[in-house]
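A short worksheet on the structure shown next.
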Amino acid sequence: MGLAIDASCDLSQEFLRKNNVSIMPITVKVDSETFMDDRRPEELQRFIDRRLGSRSHSAETEPCPVEEVQKLFLEKLVLEQDCVFCLTITATRSPINEHVNRASFAILKSYRQVREQAAIPGPFMMRVVDTRNVFAGTAPAIYEAARLIAADVPPATIRERLTHIANNSYGYMLPRDLIHLRNRIKKRGDRSVSLLSAMVGTALDIKPLLRCFRGETGPVGKVRGFEHGAEVLFNYAAQRVRAGLLVPVVCVSYGGDLAVLSHLPGYIELRQACEECGVELMEAPMSITGMVNVGEGAVTLGLAAEEHVAEF
């Protein structure tokens, strides 16, 4: 069994290598340049070095098309695996889940001939899972998928478990630049951050804490200043770690140099809580797609826990 994800799912490079995760790329067009968001460190660094995530640039993102998903599976994955779990960001935010589902019909119709020509016996299975979250919020379901695959758990059991984790995954976002965020979400028809609140928030350095839960995104709190917001978010995550998580991982992604994380208030305390409770604190570079949409220097955090009210 294997794993495939779309490029906007934030996980560490070490995790992706260790679990041989295949990436469905996203094309990002910034001004006259095109970037292939496929989580390769060199392409990510090129984007960061150019400071192209700033609000002075307009950008377009194009999820992996149906034909490219089919190509990835029929030319590679059906020859390497007998079953692939394909996890995507929430279908409410991107058409990638729809693209993968559409591609799956052709893949499951055509794989037999491909495998027979390569003298590979037996059927091929493909399971598409909507993580119902974004960026670092997708990590708990993907982390759990890798753990269950390594334990050789039957596919049907894995699918059921991943649905449960997806329904109980929380993805938090702390932006630095509200005007950038507002312009991006307005482009998608999202009104969760108004122009007035973005302007007032920028003037007073008030940041929203945004949460994605079961496919819905909206503000759950306000903080004064980015560093204070980071401390509030990390303190909350430490509390959830000590209260007990459904998956032993907290993923934090950052739109820039990951070394910045350890200098943010509350991060050392979050790390200590994770160490005490046997929870992995995963640091992940934010995808190019994430930086385009949330902004450079933003933090996203994902964890899975029983349903609760987050008080900020």
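Simple scheme: letters A, B, ... for chains in structure tokens order, numbers from 1 for residues in each chain, numbers from 1 for ligands in the order shown.
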* To do: Mind checking which residues fall within 8 Å of stretch 213-217 of chain A, counting only C-alpha atoms, ignoring those fewer than 2 positions away in the same chain, and posting them as number ranges by chain?
  => A: 90-93, 132-133, 166-171, 192, 210-211, 219
Let me see the file: selected residues, N, CA and C atoms, as a PDB file, in the first residue's frame.
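Result file out.pdb:
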ATOM      1  N   THR A  90      -9.333  19.849   1.622  1.00  0.00           N
ATOM      2  CA  THR A  90     -10.789  19.823   1.603  1.00  0.00           C
ATOM      3  C   THR A  90     -11.384  20.196   0.248  1.00  0.00           C
ATOM      4  N   ALA A  91     -12.387  19.452  -0.153  1.00  0.00           N
ATOM      5  CA  ALA A  91     -13.062  19.695  -1.432  1.00  0.00           C
ATOM      6  C   ALA A  91     -13.782  21.030  -1.454  1.00  0.00           C
ATOM      7  N   THR A  92     -14.024  21.640  -0.293  1.00  0.00           N
ATOM      8  CA  THR A  92     -14.703  22.937  -0.246  1.00  0.00           C
ATOM      9  C   THR A  92     -13.763  24.073  -0.637  1.00  0.00           C
ATOM     10  N   ARG A  93     -12.444  23.808  -0.684  1.00  0.00           N
ATOM     11  CA  ARG A  93     -11.459  24.862  -0.967  1.00  0.00           C
ATOM     12  C   ARG A  93     -10.721  24.675  -2.277  1.00  0.00           C
ATOM     13  N   ARG A 132     -10.735  17.096   4.615  1.00  0.00           N
ATOM     14  CA  ARG A 132     -11.639  18.123   5.130  1.00  0.00           C
ATOM     15  C   ARG A 132     -10.875  19.249   5.825  1.00  0.00           C
ATOM     16  N   ASN A 133      -9.617  19.442   5.410  1.00  0.00           N
ATOM     17  CA  ASN A 133      -8.802  20.477   6.032  1.00  0.00           C
ATOM     18  C   ASN A 133      -7.805  21.039   5.032  1.00  0.00           C
ATOM     19  N   ALA A 166     -10.319  12.657   9.679  1.00  0.00           N
ATOM     20  CA  ALA A 166     -10.629  13.845   8.880  1.00  0.00           C
ATOM     21  C   ALA A 166     -11.746  14.663   9.515  1.00  0.00           C
ATOM     22  N   ASN A 167     -12.733  13.981  10.073  1.00  0.00           N
ATOM     23  CA  ASN A 167     -13.854  14.672  10.707  1.00  0.00           C
ATOM     24  C   ASN A 167     -13.484  15.298  12.051  1.00  0.00           C
ATOM     25  N   ASN A 168     -12.305  14.970  12.549  1.00  0.00           N
ATOM     26  CA  ASN A 168     -11.877  15.496  13.849  1.00  0.00           C
ATOM     27  C   ASN A 168     -10.505  16.167  13.774  1.00  0.00           C
ATOM     28  N   SER A 169     -10.161  16.652  12.573  1.00  0.00           N
ATOM     29  CA  SER A 169      -8.911  17.380  12.387  1.00  0.00           C
ATOM     30  C   SER A 169      -9.174  18.885  12.449  1.00  0.00           C
ATOM     31  N   TYR A 170      -8.280  19.576  13.117  1.00  0.00           N
ATOM     32  CA  TYR A 170      -8.386  21.024  13.281  1.00  0.00           C
ATOM     33  C   TYR A 170      -7.165  21.682  12.643  1.00  0.00           C
ATOM     34  N   GLY A 171      -7.412  22.601  11.732  1.00  0.00           N
ATOM     35  CA  GLY A 171      -6.323  23.326  11.097  1.00  0.00           C
ATOM     36  C   GLY A 171      -6.420  24.806  11.429  1.00  0.00           C
ATOM     37  N   SER A 192     -14.889  35.676   4.671  1.00  0.00           N
ATOM     38  CA  SER A 192     -14.605  35.490   6.094  1.00  0.00           C
ATOM     39  C   SER A 192     -13.752  36.611   6.676  1.00  0.00           C
ATOM     40  N   LEU A 210      -7.618  31.914  12.398  1.00  0.00           N
ATOM     41  CA  LEU A 210      -8.569  31.236  11.535  1.00  0.00           C
ATOM     42  C   LEU A 210      -8.502  29.731  11.774  1.00  0.00           C
ATOM     43  N   ARG A 211      -9.640  29.082  11.650  1.00  0.00           N
ATOM     44  CA  ARG A 211      -9.688  27.635  11.847  1.00  0.00           C
ATOM     45  C   ARG A 211     -10.432  26.969  10.708  1.00  0.00           C
ATOM     46  N   PRO A 219     -12.883  32.753  11.296  1.00  0.00           N
ATOM     47  CA  PRO A 219     -12.145  33.222  12.469  1.00  0.00           C
ATOM     48  C   PRO A 219     -12.713  32.646  13.756  1.00  0.00           C
TER      49      PRO A 219
END
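Excluding A:Leu11 itself and any same-chain residue fewer than 4 positions from it, the protein and nucleic acid residues within 8 Å of it, counting only C-alpha atoms, are A:Phe15, A:Leu16, A:Ala136, A:Ala139, A:Cys251, A:Ser253, A:Met282, A:Glu283, A:Ala284, A:Pro285.
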Restricting it to all heavy atoms, dump the selection as a compact mmCIF listing (two decimals), in the first residue's frame.
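Everything below was put into again_22.txt:
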# COMPACT_ATOMS: atom_id res chain seq x y z
N PHE A 15 9.31 13.16 6.51
CA PHE A 15 8.14 12.29 6.49
C PHE A 15 7.85 11.82 5.06
O PHE A 15 7.57 10.64 4.83
CB PHE A 15 6.92 13.02 7.06
CG PHE A 15 5.64 12.23 6.99
CD1 PHE A 15 5.28 11.36 8.01
CD2 PHE A 15 4.80 12.33 5.88
CE1 PHE A 15 4.10 10.62 7.94
CE2 PHE A 15 3.63 11.60 5.79
CZ PHE A 15 3.28 10.74 6.83
N LEU A 16 7.89 12.74 4.11
CA LEU A 16 7.58 12.40 2.72
C LEU A 16 8.58 11.38 2.17
O LEU A 16 8.18 10.43 1.49
CB LEU A 16 7.59 13.66 1.86
CG LEU A 16 6.55 14.73 2.21
CD1 LEU A 16 6.73 15.96 1.32
CD2 LEU A 16 5.13 14.18 2.07
N ALA A 136 -1.37 22.55 7.13
CA ALA A 136 -0.94 21.66 8.22
C ALA A 136 -2.11 20.86 8.79
O ALA A 136 -1.91 19.81 9.41
CB ALA A 136 -0.27 22.46 9.33
N ALA A 139 -2.30 17.15 7.94
CA ALA A 139 -1.23 16.25 8.40
C ALA A 139 -1.72 15.09 9.27
O ALA A 139 -1.23 13.96 9.11
CB ALA A 139 -0.15 17.05 9.13
N CYS A 251 1.40 19.16 13.68
CA CYS A 251 2.18 19.66 12.55
C CYS A 251 2.10 21.18 12.53
O CYS A 251 1.01 21.76 12.63
CB CYS A 251 1.66 19.09 11.23
SG CYS A 251 2.62 19.62 9.80
N SER A 253 3.38 24.37 10.18
CA SER A 253 4.05 24.78 8.94
C SER A 253 4.27 26.29 8.98
O SER A 253 3.50 27.04 9.60
CB SER A 253 3.24 24.38 7.70
OG SER A 253 2.09 25.19 7.54
N MET A 282 5.93 17.96 14.31
CA MET A 282 6.44 17.97 12.94
C MET A 282 6.51 19.40 12.42
O MET A 282 5.52 20.13 12.44
CB MET A 282 5.55 17.13 12.02
CG MET A 282 6.04 17.07 10.58
SD MET A 282 4.88 16.23 9.46
CE MET A 282 4.98 14.55 10.07
N GLU A 283 7.69 19.79 11.95
CA GLU A 283 7.88 21.11 11.35
C GLU A 283 7.90 20.95 9.84
O GLU A 283 8.68 20.16 9.31
CB GLU A 283 9.17 21.75 11.83
CG GLU A 283 9.19 22.02 13.32
CD GLU A 283 10.50 22.66 13.77
OE1 GLU A 283 11.41 22.81 12.93
OE2 GLU A 283 10.61 23.01 14.96
N ALA A 284 7.03 21.67 9.16
CA ALA A 284 6.91 21.51 7.71
C ALA A 284 7.01 22.87 7.01
O ALA A 284 6.46 23.86 7.48
CB ALA A 284 5.56 20.86 7.37
N PRO A 285 7.71 22.91 5.88
CA PRO A 285 7.68 24.14 5.08
C PRO A 285 6.30 24.32 4.47
O PRO A 285 5.72 23.35 3.96
CB PRO A 285 8.74 23.87 4.01
CG PRO A 285 8.83 22.39 3.90
CD PRO A 285 8.53 21.85 5.26
Sort by chain and increasing residue number a table of all residues of stretch 184-299 of chain A within 12 Å of stretch 30-39 of chain A, each with its closest pair of atoms and their distance in Å to one decimal, counting only C-alpha atoms, and write it as a tab-separated table.
residue	atom	partner	partner_atom	distance
A:Ala284	CA	A:Arg39	CA	10.2
A:Pro285	CA	A:Arg39	CA	8.4
A:Met286	CA	A:Arg39	CA	8.8
A:Ser287	CA	A:Arg39	CA	6.4
A:Ile288	CA	A:Asp37	CA	5.9
A:Thr289	CA	A:Asp37	CA	6.9
A:Gly290	CA	A:Asp37	CA	9.9
A:Met291	CA	A:Asp37	CA	10.9
A:Val292	CA	A:Val30	CA	9.0
Would you save the residues of that selection, restricted to N, CA, C and O atoms, as a PDB file, in the first residue's frame?
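Output below, filename out.pdb:
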ATOM      1  N   ALA A 284       7.028  21.675   9.157  1.00  0.00           N
ATOM      2  CA  ALA A 284       6.908  21.514   7.707  1.00  0.00           C
ATOM      3  C   ALA A 284       7.009  22.865   7.008  1.00  0.00           C
ATOM      4  O   ALA A 284       6.457  23.859   7.481  1.00  0.00           O
ATOM      5  N   PRO A 285       7.705  22.910   5.882  1.00  0.00           N
ATOM      6  CA  PRO A 285       7.683  24.138   5.084  1.00  0.00           C
ATOM      7  C   PRO A 285       6.301  24.319   4.475  1.00  0.00           C
ATOM      8  O   PRO A 285       5.721  23.353   3.959  1.00  0.00           O
ATOM      9  N   MET A 286       5.767  25.525   4.563  1.00  0.00           N
ATOM     10  CA  MET A 286       4.481  25.778   3.933  1.00  0.00           C
ATOM     11  C   MET A 286       4.643  25.683   2.423  1.00  0.00           C
ATOM     12  O   MET A 286       5.644  26.124   1.863  1.00  0.00           O
ATOM     13  N   SER A 287       3.682  25.085   1.769  1.00  0.00           N
ATOM     14  CA  SER A 287       3.736  24.943   0.315  1.00  0.00           C
ATOM     15  C   SER A 287       3.700  26.314  -0.355  1.00  0.00           C
ATOM     16  O   SER A 287       3.284  27.316   0.234  1.00  0.00           O
ATOM     17  N   ILE A 288       4.144  26.357  -1.608  1.00  0.00           N
ATOM     18  CA  ILE A 288       4.040  27.593  -2.381  1.00  0.00           C
ATOM     19  C   ILE A 288       2.581  28.015  -2.461  1.00  0.00           C
ATOM     20  O   ILE A 288       2.239  29.196  -2.313  1.00  0.00           O
ATOM     21  N   THR A 289       1.694  27.044  -2.647  1.00  0.00           N
ATOM     22  CA  THR A 289       0.259  27.336  -2.702  1.00  0.00           C
ATOM     23  C   THR A 289      -0.217  27.968  -1.405  1.00  0.00           C
ATOM     24  O   THR A 289      -1.002  28.925  -1.406  1.00  0.00           O
ATOM     25  N   GLY A 290       0.265  27.438  -0.273  1.00  0.00           N
ATOM     26  CA  GLY A 290      -0.115  28.000   1.020  1.00  0.00           C
ATOM     27  C   GLY A 290       0.355  29.437   1.174  1.00  0.00           C
ATOM     28  O   GLY A 290      -0.389  30.307   1.645  1.00  0.00           O
ATOM     29  N   MET A 291       1.602  29.708   0.772  1.00  0.00           N
ATOM     30  CA  MET A 291       2.129  31.070   0.897  1.00  0.00           C
ATOM     31  C   MET A 291       1.393  32.039  -0.022  1.00  0.00           C
ATOM     32  O   MET A 291       1.174  33.207   0.336  1.00  0.00           O
ATOM     33  N   VAL A 292       1.000  31.570  -1.187  1.00  0.00           N
ATOM     34  CA  VAL A 292       0.240  32.420  -2.096  1.00  0.00           C
ATOM     35  C   VAL A 292      -1.098  32.807  -1.468  1.00  0.00           C
ATOM     36  O   VAL A 292      -1.556  33.943  -1.583  1.00  0.00           O
TER      37      VAL A 292
END
* Apply DSSP to the structure's backbone, then extract all residues of stretch 17-200 of chain A labelled strand (DSSP E) and return them as a ChimeraX atom specification. => /A:22-24,26-30,33-37,59-63,83-88,125-130,169-174
Emit the selected residues as an mmCIF file, in the first residue's frame, including C-alpha atoms.
data_model
loop_
_atom_site.group_PDB
_atom_site.id
_atom_site.type_symbol
_atom_site.label_atom_id
_atom_site.label_comp_id
_atom_site.auth_asym_id
_atom_site.auth_seq_id
_atom_site.Cartn_x
_atom_site.Cartn_y
_atom_site.Cartn_z
ATOM 1 C CA SER A 22 3.868 10.652 -4.136
ATOM 2 C CA ILE A 23 3.008 14.295 -4.773
ATOM 3 C CA MET A 24 0.303 15.597 -7.114
ATOM 4 C CA ILE A 26 -0.008 22.379 -8.321
ATOM 5 C CA THR A 27 1.024 24.957 -10.928
ATOM 6 C CA VAL A 28 1.489 28.449 -9.498
ATOM 7 C CA LYS A 29 1.723 31.428 -11.846
ATOM 8 C CA VAL A 30 3.122 34.624 -10.328
ATOM 9 C CA GLU A 33 6.820 33.270 -13.794
ATOM 10 C CA THR A 34 5.576 29.731 -13.334
ATOM 11 C CA PHE A 35 6.431 27.557 -10.316
ATOM 12 C CA MET A 36 5.711 23.860 -9.982
ATOM 13 C CA ASP A 37 4.518 23.377 -6.427
ATOM 14 C CA ALA A 59 -0.988 34.805 -8.511
ATOM 15 C CA GLU A 60 -3.010 31.982 -10.004
ATOM 16 C CA THR A 61 -2.975 28.373 -8.826
ATOM 17 C CA GLU A 62 -3.943 25.430 -11.018
ATOM 18 C CA PRO A 63 -4.484 22.073 -9.257
ATOM 19 C CA CYS A 83 -3.424 -0.084 -3.194
ATOM 20 C CA VAL A 84 -2.917 3.683 -2.968
ATOM 21 C CA PHE A 85 -4.599 6.034 -0.542
ATOM 22 C CA CYS A 86 -4.883 9.447 -2.145
ATOM 23 C CA LEU A 87 -5.444 12.270 0.367
ATOM 24 C CA THR A 88 -6.321 15.824 -0.636
ATOM 25 C CA MET A 125 -7.190 -0.440 -5.495
ATOM 26 C CA MET A 126 -7.343 3.339 -5.185
ATOM 27 C CA ARG A 127 -9.022 5.100 -2.278
ATOM 28 C CA VAL A 128 -9.587 8.878 -2.371
ATOM 29 C CA VAL A 129 -9.886 10.594 1.021
ATOM 30 C CA ASP A 130 -10.948 14.199 1.598
ATOM 31 C CA SER A 169 -8.911 17.380 12.387
ATOM 32 C CA TYR A 170 -8.386 21.024 13.281
ATOM 33 C CA GLY A 171 -6.323 23.326 11.097
ATOM 34 C CA TYR A 172 -5.376 26.765 12.454
ATOM 35 C CA MET A 173 -3.929 29.673 10.479
ATOM 36 C CA LEU A 174 -2.215 32.809 11.780
#
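When only C-alpha atoms are used to compute distances to A:Cys277, the closest of the residues A:Ala119, A:Leu108, A:Val249, A:Cys64 turns out to be A:Val249.
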* Skip A:Leu245 itself and residues of its chain fewer than 3 positions away, then list as an NGL selection string all residues within 7 Å of it, counting only C-alpha atoms. => :A and (240-241 or 248 or 304-305)
Keeping N, CA, C and O atoms, export the residues of the selection given above as a PDB file, in the first residue's frame.
ATOM      1  N   ARG A 240      -4.098  21.006  24.188  1.00  0.00           N
ATOM      2  CA  ARG A 240      -4.754  19.885  23.513  1.00  0.00           C
ATOM      3  C   ARG A 240      -3.875  18.640  23.571  1.00  0.00           C
ATOM      4  O   ARG A 240      -4.373  17.515  23.690  1.00  0.00           O
ATOM      5  N   VAL A 241      -2.566  18.818  23.449  1.00  0.00           N
ATOM      6  CA  VAL A 241      -1.639  17.687  23.539  1.00  0.00           C
ATOM      7  C   VAL A 241      -1.780  17.011  24.891  1.00  0.00           C
ATOM      8  O   VAL A 241      -1.859  15.770  24.986  1.00  0.00           O
ATOM      9  N   PRO A 248      -0.931  10.905  17.322  1.00  0.00           N
ATOM     10  CA  PRO A 248       0.170  11.484  18.095  1.00  0.00           C
ATOM     11  C   PRO A 248       1.096  12.401  17.276  1.00  0.00           C
ATOM     12  O   PRO A 248       2.300  12.163  17.160  1.00  0.00           O
ATOM     13  N   ALA A 304      -5.412  16.509  15.528  1.00  0.00           N
ATOM     14  CA  ALA A 304      -6.685  15.790  15.550  1.00  0.00           C
ATOM     15  C   ALA A 304      -7.053  15.490  17.000  1.00  0.00           C
ATOM     16  O   ALA A 304      -6.243  14.949  17.752  1.00  0.00           O
ATOM     17  N   ALA A 305      -8.272  15.861  17.369  1.00  0.00           N
ATOM     18  CA  ALA A 305      -8.733  15.672  18.743  1.00  0.00           C
ATOM     19  C   ALA A 305     -10.235  15.493  18.756  1.00  0.00           C
ATOM     20  O   ALA A 305     -10.920  15.785  17.767  1.00  0.00           O
TER      21      ALA A 305
END
* **In stretch 70-227 of chain A, DSSP helix (DSSP H, G or I) residues written as a ChimeraX atom specification** => /A:70-80,96-117,135-150,155-166,178-187,195-204,226-227
